[in-house]
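What follows is a set of notes on a single structure, which appears directly below.
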Amino acid sequence: MTEPTQPRATVAGPGTPSRTRSFVVVWLIEMWERFGYYGMTAVVVLYMVLAIREIPLFISLGITAVANGVFKANPANLVSKIYEGDPAKTDSAFTMYYMAVNVGSTLSQILTPLFAVWFGWHSAFALCSVGLMLGVINYAFMRRNLAHVGSPPDFAPLDLKKFALVLLGCAAAMVFVILVIQSTDLARKIVIAAGVVALGIFVLLFVKGSSPEKKGVVAVLLLTVQCMVFFIFYAQMSTSLTLFAFRNVELRWLFGYSMPAGQVQVFNPIWIFILSPPLAWGYEYLARKRGGDLSVAAKYALGFVTLAVSFFLLVFAGRIVGPTAKISMWWMVLSYGLLSLGELLISGLGLAMVARYVGPKLRGFVMGVWFLATGISQYLGGVVANFASVPQEVTDPATSLPLYMNLFMRLGYLAVAGIVLSVVMLPILKRLSTPATAAEPAVAAAA
């Protein structure tokens with residue numbers, strides 16, 4: 001969207017580090033942060049099935065939630081700042097940035113479940129903390145390469161009073177989150193309120209925007225709704241799919257290796273590595289043959305097709321399974337491959353979508369709203385996963401299998417609804433995006 005002329009946020013001069021060095025700092029921070037986060041998601045659900053839900057657990061989850069909220073929107077916005085005004089470089093940078101997520105998640109989802117098996121749950125969570133500490137240490141040594149990047153307030157002297165208020169706000173937010181996660185009813189009300197706030201922000205931006213900006217806001221809103229649907233599926237990796245692997249998947253497979261159930265999630269980043277190059281080549285091929293890449297809405301539609309097939313595939317595997325009621329690990333490999341392809345087609349466009357339709361002045365703020373929307377949808381994903389809730393005393397795979405098959409069938413139907421929604425939005429988004437992209441240089445991140 002068009003923005004009034006703003007002073008350049010990135011201050012450069014003689015001796016200023018190269019943009020590549022600045023980007024490497026952000027890349028490493030994101031990699032180590034994702035190492036800690038995905039390591040936790042690999043084992044936390046399994047831990048909670050055994051663990052006694054006491055105050056220390058809720059405190060840990062509260063700290064994690066607030067810290068992630070404070071951190072999350074900043075690295076992507078810094079990448080936009082580093083390469084601001086250079087769309088081609090921004091395209092490459094966001095692609096590499098997305099790879100940082102997958103490098104961190106691959107390492108942690110391999111190691112953390114093994115630590116849980118070998119040394120216990122506390123060692124597994126400690127490993128996640130080590131990853132976060134390495135990220136902080138890395139920044140301490142390399143921060144000079146990022147010191148010139150930011151918005152005007154970043155270069156002003158630190159206001160200790162405001163900093164104290166931020167710390168106080170974080171402490172209050174942690175207490176609030178601890179209370180919320182202990183009450184299902186309160187959590188539901190908070191999610192509804194967050195959804196109203198997110199929608200209200202979009203309405204405010206629409207009312208105050210110019211004509212091209214209004215079209216961009218509507219486009220972002222429509223695409224955000226579709227992203228929210230996707231994250232319901234994404235949340236299944238650390239919830240229902242992990243528990244399904246624990247109860248109804250034959251974990252002993254290649255060369256007799258018995259894979260910890262939490263480690264099954266590592267198929268996701270591995271497939272991302274495998275699928276990204278041919279998908280990028282496919283986009284380029286279509287651009288040469290058709291004179292233009294597929295639209296964002298078309299990619300979303302294809303993404304929902306792969307999601308539907310992924311869950312219907314698991315239903316098929318469950319229907320033909322033998323008397324053990326445990327499917328082969330290869331079905332999970334294939335299902336995760338389709339899920340990962342859907343992620344590349346849908347989730348990989350999320351940050352690019354914001355960068356494309358929102359000007360620099362509001363980009364960080366709207367990215368925060370987008371992450372709020374994804375957080376809401378991940379909560380909804382947890383609610384959906386509860387449809388296959390298995391009583392703790394149930395250990396017979398034949399009893400749990402029908403519950404998971406019913407859930408996966410419903411998810412398949414939800415993905416079909418996502419396909420219909422994406423197809424319906426194709427002509428709408430085409431009308432909205434043409435003037436918007438003309439007003440703001442396009443950024444294609446991880447797509």
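Identifiers for the structure tokens are assigned positionally: chains receive A, B, ... in sequence, residues are indexed from 1 per chain, and ligands are indexed from 1 in the order shown.
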Exercise. Excluding Val101 of chain A and residues on its chain fewer than 5 positions from it, collect all residues at most 9 Å away from it, counting only C-alpha atoms, and give them as a VMD selection string.
Key: chain A and resid 27 30 to 35 106 269
Self-check item: Backbone DSSP call of strand (DSSP E or B) for segment 227-390 of chain A, listed as a PyMOL selection string
Solution: chain A and resi 249+252+258+327
How about saving the chosen residues, N, CA and C atoms kept, as a PDB file, in the first residue's frame?
ATOM      1  N   VAL A 249       0.673 -46.098  15.466  1.00  0.00           N
ATOM      2  CA  VAL A 249       1.658 -46.195  14.390  1.00  0.00           C
ATOM      3  C   VAL A 249       2.763 -47.147  14.826  1.00  0.00           C
ATOM      4  N   ARG A 252       8.612 -48.878  15.058  1.00  0.00           N
ATOM      5  CA  ARG A 252       9.840 -49.574  14.659  1.00  0.00           C
ATOM      6  C   ARG A 252       9.786 -49.789  13.151  1.00  0.00           C
ATOM      7  N   SER A 258      13.508 -47.826  16.383  1.00  0.00           N
ATOM      8  CA  SER A 258      12.229 -47.499  17.007  1.00  0.00           C
ATOM      9  C   SER A 258      12.199 -45.987  17.260  1.00  0.00           C
ATOM     10  N   ILE A 327      -0.753 -48.595  11.984  1.00  0.00           N
ATOM     11  CA  ILE A 327      -0.404 -48.435  10.580  1.00  0.00           C
ATOM     12  C   ILE A 327       1.117 -48.364  10.421  1.00  0.00           C
TER      13      ILE A 327
END
Exercise. Please report, as a VMD selection string, each residue of segment 265-351 of chain A to which DSSP assigns helix (DSSP H, G or I) when run on this structure's backbone.
Key: chain A and resid 265 to 290 296 to 319 329 to 345 347 to 351
Quiz prompt | Best match for closeness to Gly150 of chain A among A:Phe115, A:Trp253, A:Trp331, A:Tyr83, counting only C-alpha atoms | solution = A:Tyr83
Practice problem: Compile the contact shell of segment 180-194 of chain A as a ChimeraX atom specification: residues with an atom at most 9 Å away, counting only C-alpha atoms, same-chain residues fewer than 2 positions apart removed. | Solution: /A:58,61-62,175-178,196-199,372-373,375-376,379-380
Take the residues just selected and output them with C-alpha atoms as a JSON list (two decimals), in the first residue's frame.
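See out.json below for the written result:
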[["chain", "number", "residue", "atom", "x", "y", "z"],
["A", 58, "PHE", "CA", 1.58, -23.60, 33.94],
["A", 61, "LEU", "CA", 3.86, -22.34, 29.55],
["A", 62, "GLY", "CA", 2.96, -18.78, 30.55],
["A", 175, "VAL", "CA", 0.13, -14.05, 35.33],
["A", 176, "PHE", "CA", -2.85, -13.61, 33.04],
["A", 177, "VAL", "CA", -1.75, -16.41, 30.68],
["A", 178, "ILE", "CA", -1.15, -18.76, 33.63],
["A", 196, "VAL", "CA", -12.85, -9.46, 17.80],
["A", 197, "VAL", "CA", -9.77, -7.29, 18.40],
["A", 198, "ALA", "CA", -8.00, -8.62, 15.29],
["A", 199, "LEU", "CA", -11.10, -7.99, 13.16],
["A", 372, "LEU", "CA", -2.38, -13.18, 16.60],
["A", 373, "ALA", "CA", -4.71, -14.70, 14.02],
["A", 375, "GLY", "CA", -2.39, -18.13, 17.42],
["A", 376, "ILE", "CA", -6.19, -18.14, 17.52],
["A", 379, "TYR", "CA", -6.01, -22.83, 19.71],
["A", 380, "LEU", "CA", -8.84, -23.94, 17.45]]
I'd like the neighbourhood of Leu50 of chain A as a compact mmCIF listing (two decimals) with N, CA and C atoms, in the first residue's frame, where a residue qualifies if any of its atoms comes within 12 Å (using only C-alpha atoms), though same-chain residues fewer than 6 positions away should be ignored.
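The file below, around_22.txt, is the result:
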# COMPACT_ATOMS: atom_id res chain seq x y z
N VAL A 43 7.69 -32.63 22.34
CA VAL A 43 7.55 -33.50 23.51
C VAL A 43 6.50 -33.04 24.52
N VAL A 44 6.03 -31.77 24.40
CA VAL A 44 5.20 -31.24 25.48
C VAL A 44 3.85 -31.94 25.58
N TRP A 121 12.40 -36.29 30.76
CA TRP A 121 11.71 -35.10 30.26
C TRP A 121 12.47 -33.81 30.57
N PRO A 391 -9.16 -41.46 26.65
CA PRO A 391 -8.96 -41.53 28.10
C PRO A 391 -7.58 -42.07 28.44
N GLN A 392 -6.99 -41.55 29.49
CA GLN A 392 -5.62 -41.90 29.84
C GLN A 392 -5.45 -43.39 30.12
N GLU A 393 -6.49 -44.02 30.63
CA GLU A 393 -6.36 -45.43 30.97
C GLU A 393 -6.48 -46.35 29.76
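One distance worth recording is that between atom CA of Phe371 of chain A and atom CA of Leu205 of chain A, which is 16.9 Å.
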Exercise. Could you tell me how far atom CA of Val66 of chain A lies from atom CA of Phe163 of chain A, in Å and to one decimal?
Key: 15.9 Å
Practice problem: Measure the distance from atom CA of Ile346 of chain A to atom CA of Asn406 of chain A in Å and round it to one decimal. | Solution: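 Atom CA of Ile346 of chain A sits 24.9 Å away from atom CA of Asn406 of chain A.
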Self-check item: Close residues, Tyr47 of chain A itself excluded, 12 Å, only C-alpha atoms, min 6 positions apart in chain, as a list in words
Solution: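 Residues near the query, excluding close chain neighbours: Met40, Thr41, Arg53, Leu57, Pro113, Ala116, Val117, Gly120, Trp121, His122, Ala124, Phe125, Ser238, Thr239, Thr242, Leu243, Phe246, Ala261 and Gly262 of chain A.
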Output N, CA and C atoms for every residue in the selection just made, as a short mmCIF file (atom, residue, chain, number, x, y, z; two decimals), in the first residue's frame.
data_model
loop_
_atom_site.label_atom_id
_atom_site.label_comp_id
_atom_site.auth_asym_id
_atom_site.auth_seq_id
_atom_site.Cartn_x
_atom_site.Cartn_y
_atom_site.Cartn_z
N MET A 40 10.28 -28.04 22.03
CA MET A 40 9.24 -28.11 23.05
C MET A 40 7.97 -28.76 22.51
N THR A 41 7.54 -28.34 21.30
CA THR A 41 6.30 -28.90 20.75
C THR A 41 6.43 -30.39 20.45
N ARG A 53 -0.42 -32.06 36.17
CA ARG A 53 -0.57 -30.65 35.80
C ARG A 53 -0.57 -29.78 37.05
N LEU A 57 4.32 -26.27 35.75
CA LEU A 57 4.05 -26.48 34.33
C LEU A 57 3.33 -25.27 33.74
N PRO A 113 13.23 -35.40 21.30
CA PRO A 113 12.58 -36.66 21.69
C PRO A 113 13.58 -37.73 22.14
N ALA A 116 14.50 -37.04 25.63
CA ALA A 116 13.42 -37.43 26.54
C ALA A 116 13.47 -38.93 26.83
N VAL A 117 13.82 -39.73 25.81
CA VAL A 117 13.91 -41.19 25.98
C VAL A 117 15.15 -41.57 26.76
N GLY A 120 15.33 -38.40 30.11
CA GLY A 120 14.14 -37.94 30.83
C GLY A 120 13.62 -36.62 30.31
N TRP A 121 12.40 -36.29 30.76
CA TRP A 121 11.71 -35.10 30.26
C TRP A 121 12.47 -33.81 30.57
N HIS A 122 13.01 -33.69 31.77
CA HIS A 122 13.66 -32.44 32.16
C HIS A 122 14.88 -32.16 31.29
N ALA A 124 15.18 -33.06 28.19
CA ALA A 124 14.66 -32.65 26.88
C ALA A 124 14.32 -31.17 26.86
N PHE A 125 13.64 -30.70 27.91
CA PHE A 125 13.30 -29.28 27.99
C PHE A 125 14.54 -28.43 28.20
N SER A 238 1.59 -31.35 16.31
CA SER A 238 2.07 -31.46 17.70
C SER A 238 1.00 -31.95 18.65
N THR A 239 -0.20 -32.23 18.15
CA THR A 239 -1.29 -32.70 19.02
C THR A 239 -1.78 -34.07 18.55
N THR A 242 0.78 -36.48 16.74
CA THR A 242 1.78 -37.02 17.66
C THR A 242 1.19 -38.12 18.52
N LEU A 243 -0.01 -37.87 19.05
CA LEU A 243 -0.66 -38.88 19.89
C LEU A 243 -1.10 -40.09 19.07
N PHE A 246 1.88 -42.14 18.70
CA PHE A 246 2.16 -42.80 19.98
C PHE A 246 1.31 -44.06 20.16
N ALA A 261 7.73 -41.23 19.47
CA ALA A 261 6.53 -40.65 18.85
C ALA A 261 6.71 -39.15 18.56
N GLY A 262 7.36 -38.44 19.47
CA GLY A 262 7.56 -37.01 19.26
C GLY A 262 8.46 -36.70 18.09
#
Please list as a short mmCIF file (atom, residue, chain, number, x, y, z; two decimals) with C-alpha atoms, in the first residue's frame every residue within 12 Å of Leu401 of chain A, counting only C-alpha atoms and excluding residues in the same chain fewer than 2 positions away.
data_model
loop_
_atom_site.label_atom_id
_atom_site.label_comp_id
_atom_site.auth_asym_id
_atom_site.auth_seq_id
_atom_site.Cartn_x
_atom_site.Cartn_y
_atom_site.Cartn_z
CA SER A 240 -3.45 -35.38 17.38
CA LEU A 241 -0.83 -36.64 14.91
CA LEU A 243 -0.66 -38.88 19.89
CA PHE A 244 -1.82 -40.97 16.92
CA ALA A 245 1.82 -41.92 16.29
CA PHE A 246 2.16 -42.80 19.98
CA ARG A 247 -0.89 -45.09 19.98
CA ASN A 248 -1.55 -46.30 16.43
CA VAL A 249 1.66 -46.19 14.39
CA LEU A 314 -4.48 -41.70 6.91
CA VAL A 315 -8.15 -42.69 6.98
CA ALA A 317 -4.49 -46.58 6.05
CA GLY A 318 -6.59 -47.00 9.19
CA ARG A 319 -9.33 -48.81 7.27
CA ILE A 320 -6.96 -51.43 5.83
CA VAL A 321 -4.80 -51.92 8.92
CA GLY A 322 -4.29 -55.41 10.32
CA PRO A 323 -5.25 -56.80 13.74
CA THR A 324 -2.52 -54.80 15.50
CA ALA A 325 -4.49 -51.57 14.75
CA LYS A 326 -1.15 -49.87 14.02
CA ILE A 327 -0.40 -48.43 10.58
CA ALA A 388 -10.16 -37.65 19.29
CA SER A 389 -9.50 -37.39 23.01
CA VAL A 390 -8.53 -40.80 24.37
CA VAL A 394 -7.02 -46.62 27.40
CA THR A 395 -3.98 -48.46 25.99
CA ASP A 396 -5.58 -50.73 23.40
CA PRO A 397 -4.79 -49.45 19.85
CA ALA A 398 -8.02 -51.00 18.56
CA THR A 399 -9.98 -48.68 20.88
CA LEU A 403 -11.46 -42.07 17.30
CA TYR A 404 -8.55 -40.87 15.20
CA MET A 405 -10.13 -42.08 11.94
CA ASN A 406 -13.24 -40.04 12.72
CA LEU A 407 -11.14 -36.94 13.43
CA PHE A 408 -9.03 -37.31 10.29
#
Self-check item: From A:Tyr285, A:Tyr300, A:Phe267, A:Phe273, residue lying nearest Val229 of chain A [only C-alpha atoms]
Solution: A:Tyr300
Practice problem: Would you list the contacts of Ser108 of chain A as JSON, numbers by chain, taking every protein, DNA or RNA residue within 8 Å and counting only C-alpha atoms, but skipping same-chain residues closer than 3 positions in sequence? | Solution: {"A": [35, 36, 38, 39, 104, 105, 111, 112, 128]}
Generate the output file for the selected residues, C-alpha atoms, as a PDB file, in the first residue's frame.
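What ended up in out_34.pdb:
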ATOM      1  CA  PHE A  35      15.106 -24.850  17.813  1.00  0.00           C
ATOM      2  CA  GLY A  36      13.759 -24.123  21.276  1.00  0.00           C
ATOM      3  CA  TYR A  38       9.852 -26.872  18.016  1.00  0.00           C
ATOM      4  CA  GLY A  39      11.840 -28.970  20.446  1.00  0.00           C
ATOM      5  CA  GLY A 104      16.132 -25.168  13.716  1.00  0.00           C
ATOM      6  CA  SER A 105      13.049 -27.378  13.805  1.00  0.00           C
ATOM      7  CA  LEU A 111      17.339 -34.448  19.293  1.00  0.00           C
ATOM      8  CA  THR A 112      14.678 -33.448  21.830  1.00  0.00           C
ATOM      9  CA  CYS A 128      15.426 -26.450  24.282  1.00  0.00           C
TER      10      CYS A 128
END
